[in-house]
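Below is one structure, written out as structure tokens, with a few remarks after it.
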Amino acid sequence: MLAVPLAALAAGTAPAPLRAQELRVGLSAPVTSIDPHFANAAPNSSFARHIFDPLVVRAPDGRPVPNLALSWTALEDNLWEIRLRPGVKWHDGRDFTADDVVFTFGRAPNVPNSPASFGGSLRTVKAVEAVDPLTLRITTSAPTPNLPIDLAAIAIVSRHAGEGASTADYNSGKAAIGTGPYKLVSYASGSSIEVSRFDGWWGPRQDWEKVTFRIIPNPGARTAALLSGDVELIAAPSSSDLPRLRQEANIRIFERQGSRALFLSPDFSRTGESSYITDNDGKPLPTNPLRELKVRQALSLAINRQGLAERVQQGMAEATGQWMPPGAFGHNPAVPVPAFDVARARALLAEAGYPQGFRITLHASNDRYPADAQTAQAVAQMWSRIGVATTVETLPFATYLTRMAKQEYSIVQNSWGSSTGEAGSVLLNIVHSYDQPRRLGASNDTRYANAALDAQIAEALSTMDPALREQRVAAAVKASVDDLALIPMILFKNAWAARRPLTYEPRMDEQTLAMGIRREN
């Protein structure tokens with residue numbers, strides 16, 4: 001955090017004028033690549049929306065709406081027909097066709113060195129046929145009622161620019177040819193991205209001729225940039241700064257309950273020693289205690305979730321025992337917020353064979369989620385109270401994500417934003433056993449595996465009847481929580497702060513889109 005008081009900063013710095021058609025946005029997390037298929041991470045996917053269009057997009061409230069696809073029809077349980085939007089141009093003037101979608105579906109799950117694949121969204125796609133330039137037929141290996149929603153995650157890239165192109169070619173701009181409302185001008189990894197308006201876009205003309213995205217992970221620095229006028233809008237303002245910002249006459253706050261859950265993922269890949277788990281004398285334990293359900297239950301009961309939400313997140317989160325908010329598809333009312341019970345947690349550790357506890361390192365990012373490092377530190381203190389002496393190691397998100405994907409850690413603080421707006425996203429991508437050939441468990445970086453739960457998830461997600469599917473998804477959520485495949489803690493609230501006269505339509509999926517920023521008349 002900056003040491004300069006906000007009031008002094010606001011009073012002592014004259015805000016820069018808002019340029020007529022130029023916009024400057026402060027982002028809270030780094031965009032690790034311009035390649036839209038390199039990493040299934042929210043910052044990357046959010047920025048990709050400016051350059052590349054998906055077939056389907058999510059409205060601010062999470063509803064799927066047409067984009068490059070005008071319509072989608074299930075001709076049979078395993079066969080879909082997609083009608084594409086006519087007259088769409090790539091940034092270089094060439095026509096968008098169904099063949100580009102065929103190419104994209106082959107590329108998206110298979111990008112080399114991807115730390116988080118998009119394979120889960122295309123897991124059941126067996127064949128894609130371009131019937132004509134504006135019609136697709138998609139054959140699935142199983143009934144996939146969520147296919148249109150899943151397709152919202154896949155940015156469409158062109159065959160003529162993307163064939164043979166590497167991630168580096170997208171980052172340099174050489175292959176970053178999209179159909180989106182903006183064109184890439186420059187990309188400085190971890191620093192800034194500049195785009196310019198694409199006047200040939202098929203959608204409504206955008207307000208901004210030029211948009212500069214500044215990567216400002218430090219929340220105090222983001223607030224300072226907003227107050228000084230260096231940027232006109234910031235994502236994820238610090239919860240500690242929000243009361244002060246609400247009192248600023250020239251600042252507006254926009255909020256919405258989000259669908260991103262923060263949770264802990266224990267390592268299941270090791271049965272024996274782990275370099276990050278030792279006894280109290282520092283000697284590695286012969287077996288991995290995190291594979292014991294009673295140990296995971298103890299760790300869960302030791303967490304004061306309400307305290308995390310109210311004090312660490314300062315009211316910008318809600319305590320939870322699952323990963324979707326009430327009212328969302330698949331939220332299970334029978335899954336409560338776990339009790340905070342230190343005595344029971346200690347008893348469970350003893351029952352599991354660890355009456356004296358043990359030592360462990362919790363790994364977390366320090367620049368990705370609101371108060372991510374502070375939350376990890378608070379959890380460590382709570383675990384230490386039950387005899388699990390916990391050290392916290394935090395890293396920049398890009399490094400953390402890469403190492404997590406290699407199963408380098410014993411337990412991690414992780415997060416997932418269900419951009420599909422339903423609970424099946426976590427079941428499919430994180431809870432389901434890792435199965436790369438079938439594109440299942442694509443983000444199951446801790447290698448949790450439960451064959452019975454896999455079958456339950458498969459049945460739920462292939463059920464075509466919506467009401468029955470929701471019942472089955474909710475049942476799978478409970479089964480997952482009962483086994484603590486992951487340990488849910490809080491659900492974030494999304495917030496943005498903007499200088500007047502700008503407005504922003506807040507989004508459930510937390511995306512910060514220049515397309516949603518308007519100048520109020």
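Starting from 1 in every chain, residues are counted up; chains themselves are A, B, ... following the order of the structure tokens, and ligands are numbered from 1 as listed.
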
Spatial neighbours of range 466-478 of chain A, max dist 10 Å, only C-alpha atoms, sep filter under 3 positions, as a PDB file with N, CA, C and O atoms, in the first residue's frame:
```pdb
ATOM      1  N   PRO A 145     -25.445 -30.335 -22.856  1.00  0.00           N
ATOM      2  CA  PRO A 145     -26.405 -29.219 -22.841  1.00  0.00           C
ATOM      3  C   PRO A 145     -25.758 -27.862 -22.632  1.00  0.00           C
ATOM      4  O   PRO A 145     -26.310 -26.844 -23.044  1.00  0.00           O
ATOM      5  N   ASN A 146     -24.570 -27.837 -22.013  1.00  0.00           N
ATOM      6  CA  ASN A 146     -23.892 -26.571 -21.752  1.00  0.00           C
ATOM      7  C   ASN A 146     -22.961 -26.138 -22.878  1.00  0.00           C
ATOM      8  O   ASN A 146     -22.210 -25.174 -22.706  1.00  0.00           O
ATOM      9  N   GLY A 321     -19.311 -22.157   1.703  1.00  0.00           N
ATOM     10  CA  GLY A 321     -18.871 -23.539   1.790  1.00  0.00           C
ATOM     11  C   GLY A 321     -18.871 -24.206   0.435  1.00  0.00           C
ATOM     12  O   GLY A 321     -18.588 -25.403   0.325  1.00  0.00           O
ATOM     13  N   GLN A 322     -19.170 -23.423  -0.629  1.00  0.00           N
ATOM     14  CA  GLN A 322     -19.155 -23.941  -1.995  1.00  0.00           C
ATOM     15  C   GLN A 322     -18.647 -22.837  -2.902  1.00  0.00           C
ATOM     16  O   GLN A 322     -18.092 -21.859  -2.431  1.00  0.00           O
ATOM     17  N   TRP A 323     -18.834 -22.967  -4.218  1.00  0.00           N
ATOM     18  CA  TRP A 323     -18.165 -22.007  -5.101  1.00  0.00           C
ATOM     19  C   TRP A 323     -19.114 -21.176  -5.956  1.00  0.00           C
ATOM     20  O   TRP A 323     -18.660 -20.439  -6.825  1.00  0.00           O
ATOM     21  N   MET A 324     -20.403 -21.268  -5.715  1.00  0.00           N
ATOM     22  CA  MET A 324     -21.350 -20.416  -6.421  1.00  0.00           C
ATOM     23  C   MET A 324     -22.262 -19.732  -5.405  1.00  0.00           C
ATOM     24  O   MET A 324     -22.598 -20.308  -4.366  1.00  0.00           O
ATOM     25  N   ALA A 328     -27.536 -19.187  -8.030  1.00  0.00           N
ATOM     26  CA  ALA A 328     -26.834 -19.627  -9.234  1.00  0.00           C
ATOM     27  C   ALA A 328     -27.183 -21.081  -9.530  1.00  0.00           C
ATOM     28  O   ALA A 328     -27.521 -21.857  -8.639  1.00  0.00           O
ATOM     29  N   PHE A 329     -27.085 -21.456 -10.792  1.00  0.00           N
ATOM     30  CA  PHE A 329     -27.393 -22.811 -11.232  1.00  0.00           C
ATOM     31  C   PHE A 329     -26.426 -23.787 -10.566  1.00  0.00           C
ATOM     32  O   PHE A 329     -25.209 -23.694 -10.733  1.00  0.00           O
ATOM     33  N   GLY A 330     -26.965 -24.718  -9.791  1.00  0.00           N
ATOM     34  CA  GLY A 330     -26.149 -25.720  -9.132  1.00  0.00           C
ATOM     35  C   GLY A 330     -25.763 -25.378  -7.708  1.00  0.00           C
ATOM     36  O   GLY A 330     -25.180 -26.223  -7.016  1.00  0.00           O
ATOM     37  N   HIS A 331     -26.069 -24.150  -7.241  1.00  0.00           N
ATOM     38  CA  HIS A 331     -25.833 -23.856  -5.824  1.00  0.00           C
ATOM     39  C   HIS A 331     -26.686 -24.799  -4.987  1.00  0.00           C
ATOM     40  O   HIS A 331     -27.869 -24.989  -5.256  1.00  0.00           O
ATOM     41  N   ASN A 332     -26.073 -25.402  -3.965  1.00  0.00           N
ATOM     42  CA  ASN A 332     -26.777 -26.384  -3.148  1.00  0.00           C
ATOM     43  C   ASN A 332     -27.071 -25.803  -1.767  1.00  0.00           C
ATOM     44  O   ASN A 332     -26.149 -25.617  -0.960  1.00  0.00           O
ATOM     45  N   PRO A 333     -28.351 -25.511  -1.462  1.00  0.00           N
ATOM     46  CA  PRO A 333     -28.695 -24.941  -0.154  1.00  0.00           C
ATOM     47  C   PRO A 333     -28.360 -25.870   1.013  1.00  0.00           C
ATOM     48  O   PRO A 333     -28.287 -25.412   2.159  1.00  0.00           O
ATOM     49  N   ALA A 334     -28.152 -27.157   0.720  1.00  0.00           N
ATOM     50  CA  ALA A 334     -27.827 -28.111   1.784  1.00  0.00           C
ATOM     51  C   ALA A 334     -26.348 -28.092   2.157  1.00  0.00           C
ATOM     52  O   ALA A 334     -25.931 -28.843   3.039  1.00  0.00           O
ATOM     53  N   VAL A 335     -25.564 -27.238   1.491  1.00  0.00           N
ATOM     54  CA  VAL A 335     -24.140 -27.115   1.803  1.00  0.00           C
ATOM     55  C   VAL A 335     -23.934 -25.796   2.539  1.00  0.00           C
ATOM     56  O   VAL A 335     -23.904 -24.735   1.924  1.00  0.00           O
ATOM     57  N   PRO A 336     -23.808 -25.823   3.869  1.00  0.00           N
ATOM     58  CA  PRO A 336     -23.696 -24.580   4.635  1.00  0.00           C
ATOM     59  C   PRO A 336     -22.267 -24.044   4.650  1.00  0.00           C
ATOM     60  O   PRO A 336     -21.320 -24.714   4.202  1.00  0.00           O
ATOM     61  N   GLU A 422     -22.481 -21.196 -13.708  1.00  0.00           N
ATOM     62  CA  GLU A 422     -23.081 -22.374 -13.070  1.00  0.00           C
ATOM     63  C   GLU A 422     -21.989 -23.214 -12.419  1.00  0.00           C
ATOM     64  O   GLU A 422     -20.805 -23.075 -12.717  1.00  0.00           O
ATOM     65  N   ALA A 423     -22.416 -24.084 -11.489  1.00  0.00           N
ATOM     66  CA  ALA A 423     -21.469 -24.811 -10.654  1.00  0.00           C
ATOM     67  C   ALA A 423     -20.695 -25.889 -11.406  1.00  0.00           C
ATOM     68  O   ALA A 423     -19.655 -26.361 -10.930  1.00  0.00           O
ATOM     69  N   GLY A 424     -21.178 -26.296 -12.556  1.00  0.00           N
ATOM     70  CA  GLY A 424     -20.515 -27.358 -13.300  1.00  0.00           C
ATOM     71  C   GLY A 424     -19.128 -26.997 -13.773  1.00  0.00           C
ATOM     72  O   GLY A 424     -18.300 -27.884 -14.025  1.00  0.00           O
ATOM     73  N   VAL A 426     -16.554 -25.638 -12.157  1.00  0.00           N
ATOM     74  CA  VAL A 426     -15.534 -26.125 -11.217  1.00  0.00           C
ATOM     75  C   VAL A 426     -15.510 -27.650 -11.186  1.00  0.00           C
ATOM     76  O   VAL A 426     -14.439 -28.264 -11.147  1.00  0.00           O
ATOM     77  N   LEU A 427     -16.690 -28.273 -11.207  1.00  0.00           N
ATOM     78  CA  LEU A 427     -16.747 -29.734 -11.215  1.00  0.00           C
ATOM     79  C   LEU A 427     -15.973 -30.302 -12.394  1.00  0.00           C
ATOM     80  O   LEU A 427     -15.209 -31.270 -12.258  1.00  0.00           O
ATOM     81  N   VAL A 431     -12.466 -30.320 -10.140  1.00  0.00           N
ATOM     82  CA  VAL A 431     -12.772 -31.473  -9.293  1.00  0.00           C
ATOM     83  C   VAL A 431     -12.581 -32.785 -10.045  1.00  0.00           C
ATOM     84  O   VAL A 431     -12.063 -33.759  -9.492  1.00  0.00           O
ATOM     85  N   LEU A 453     -17.081 -39.934  -8.045  1.00  0.00           N
ATOM     86  CA  LEU A 453     -17.491 -38.553  -8.271  1.00  0.00           C
ATOM     87  C   LEU A 453     -17.361 -38.181  -9.744  1.00  0.00           C
ATOM     88  O   LEU A 453     -18.187 -37.443 -10.291  1.00  0.00           O
ATOM     89  N   ASP A 454     -16.337 -38.721 -10.419  1.00  0.00           N
ATOM     90  CA  ASP A 454     -16.209 -38.497 -11.865  1.00  0.00           C
ATOM     91  C   ASP A 454     -17.470 -38.951 -12.594  1.00  0.00           C
ATOM     92  O   ASP A 454     -17.990 -38.246 -13.474  1.00  0.00           O
ATOM     93  N   ALA A 455     -17.953 -40.138 -12.240  1.00  0.00           N
ATOM     94  CA  ALA A 455     -19.159 -40.669 -12.882  1.00  0.00           C
ATOM     95  C   ALA A 455     -20.368 -39.795 -12.573  1.00  0.00           C
ATOM     96  O   ALA A 455     -21.221 -39.548 -13.443  1.00  0.00           O
ATOM     97  N   GLN A 456     -20.450 -39.299 -11.355  1.00  0.00           N
ATOM     98  CA  GLN A 456     -21.551 -38.429 -10.953  1.00  0.00           C
ATOM     99  C   GLN A 456     -21.514 -37.114 -11.734  1.00  0.00           C
ATOM    100  O   GLN A 456     -22.551 -36.609 -12.196  1.00  0.00           O
ATOM    101  N   ILE A 457     -20.325 -36.563 -11.910  1.00  0.00           N
ATOM    102  CA  ILE A 457     -20.173 -35.323 -12.674  1.00  0.00           C
ATOM    103  C   ILE A 457     -20.551 -35.550 -14.130  1.00  0.00           C
ATOM    104  O   ILE A 457     -21.269 -34.744 -14.738  1.00  0.00           O
ATOM    105  N   ALA A 458     -20.075 -36.646 -14.713  1.00  0.00           N
ATOM    106  CA  ALA A 458     -20.378 -36.942 -16.111  1.00  0.00           C
ATOM    107  C   ALA A 458     -21.885 -37.075 -16.333  1.00  0.00           C
ATOM    108  O   ALA A 458     -22.433 -36.556 -17.312  1.00  0.00           O
ATOM    109  N   GLU A 459     -22.563 -37.774 -15.427  1.00  0.00           N
ATOM    110  CA  GLU A 459     -24.014 -37.924 -15.547  1.00  0.00           C
ATOM    111  C   GLU A 459     -24.707 -36.573 -15.442  1.00  0.00           C
ATOM    112  O   GLU A 459     -25.601 -36.253 -16.236  1.00  0.00           O
ATOM    113  N   ALA A 460     -24.284 -35.758 -14.487  1.00  0.00           N
ATOM    114  CA  ALA A 460     -24.935 -34.458 -14.281  1.00  0.00           C
ATOM    115  C   ALA A 460     -24.774 -33.557 -15.499  1.00  0.00           C
ATOM    116  O   ALA A 460     -25.740 -32.944 -15.969  1.00  0.00           O
ATOM    117  N   LEU A 461     -23.557 -33.478 -16.025  1.00  0.00           N
ATOM    118  CA  LEU A 461     -23.295 -32.526 -17.095  1.00  0.00           C
ATOM    119  C   LEU A 461     -23.793 -32.999 -18.454  1.00  0.00           C
ATOM    120  O   LEU A 461     -23.804 -32.216 -19.404  1.00  0.00           O
ATOM    121  N   SER A 462     -24.211 -34.258 -18.557  1.00  0.00           N
ATOM    122  CA  SER A 462     -24.770 -34.749 -19.825  1.00  0.00           C
ATOM    123  C   SER A 462     -26.290 -34.856 -19.780  1.00  0.00           C
ATOM    124  O   SER A 462     -26.903 -35.339 -20.733  1.00  0.00           O
ATOM    125  N   THR A 463     -26.904 -34.415 -18.698  1.00  0.00           N
ATOM    126  CA  THR A 463     -28.360 -34.477 -18.569  1.00  0.00           C
ATOM    127  C   THR A 463     -28.989 -33.308 -19.318  1.00  0.00           C
ATOM    128  O   THR A 463     -28.732 -32.141 -18.999  1.00  0.00           O
ATOM    129  N   VAL A 481     -17.785 -31.330  -1.820  1.00  0.00           N
ATOM    130  CA  VAL A 481     -17.514 -30.631  -0.561  1.00  0.00           C
ATOM    131  C   VAL A 481     -17.374 -31.627   0.585  1.00  0.00           C
ATOM    132  O   VAL A 481     -16.532 -31.459   1.478  1.00  0.00           O
ATOM    133  N   ASP A 482     -18.171 -32.671   0.580  1.00  0.00           N
ATOM    134  CA  ASP A 482     -18.068 -33.690   1.632  1.00  0.00           C
ATOM    135  C   ASP A 482     -16.678 -34.328   1.649  1.00  0.00           C
ATOM    136  O   ASP A 482     -16.137 -34.657   2.709  1.00  0.00           O
ATOM    137  N   ASP A 483     -16.090 -34.506   0.466  1.00  0.00           N
ATOM    138  CA  ASP A 483     -14.767 -35.124   0.375  1.00  0.00           C
ATOM    139  C   ASP A 483     -13.643 -34.083   0.404  1.00  0.00           C
ATOM    140  O   ASP A 483     -12.471 -34.438   0.404  1.00  0.00           O
ATOM    141  N   LEU A 484     -14.021 -32.813   0.400  1.00  0.00           N
ATOM    142  CA  LEU A 484     -13.061 -31.706   0.403  1.00  0.00           C
ATOM    143  C   LEU A 484     -11.997 -31.868  -0.682  1.00  0.00           C
ATOM    144  O   LEU A 484     -10.794 -31.826  -0.430  1.00  0.00           O
TER     145      LEU A 484
END
```

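DSSP annotation of range 229-347 of chain A from backbone atoms: alpha helix (DSSP H) residues are Leu242, Pro243, Arg244, Leu245, Arg246, Leu293, Lys294, Val295, Arg296, Gln297, Ala298, Leu299, Ser300, Leu301, Arg305, Gln306, Gly307, Val342, Ala343, Arg344, Ala345, Arg346 and Ala347 of chain A.
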
For this session: For each of A:Val157, A:Pro64, A:Asp150, A:Pro181, take the minimum atom-to-atom distance to Asp100 in chain A, counting only C-alpha atoms, then give the residue where this is smallest.
Result: A:Val157

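Put simply, CA of Arg49 in chain A is 13.5 Å away from CA of Gln206 in chain A.
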
For this session: Write down as a PyMOL selection string the residues belonging to range 96-233 of chain A that are assigned strand (DSSP E or B) by DSSP computed on the backbone.
Result: chain A and resi 116+125-132+135-140+155+182-188+192-197+210-215+233

Problem set entry | Exercise: Ala352 in chain A partners within 12 Å, only C-alpha atoms, chain neighbours under 3 positions left out, as a VMD selection string | chain A and resid 288 to 298 345 to 349 355 to 358

Exercise. Near range 374-384 of chain A, counting only C-alpha atoms, which residues have an atom at most 8 Å away, once you skip same-chain residues fewer than 4 positions from it, shown as a ChimeraX atom specification?
Worked result: /A:299,302-304,308,312-313,362-364,388-392,413
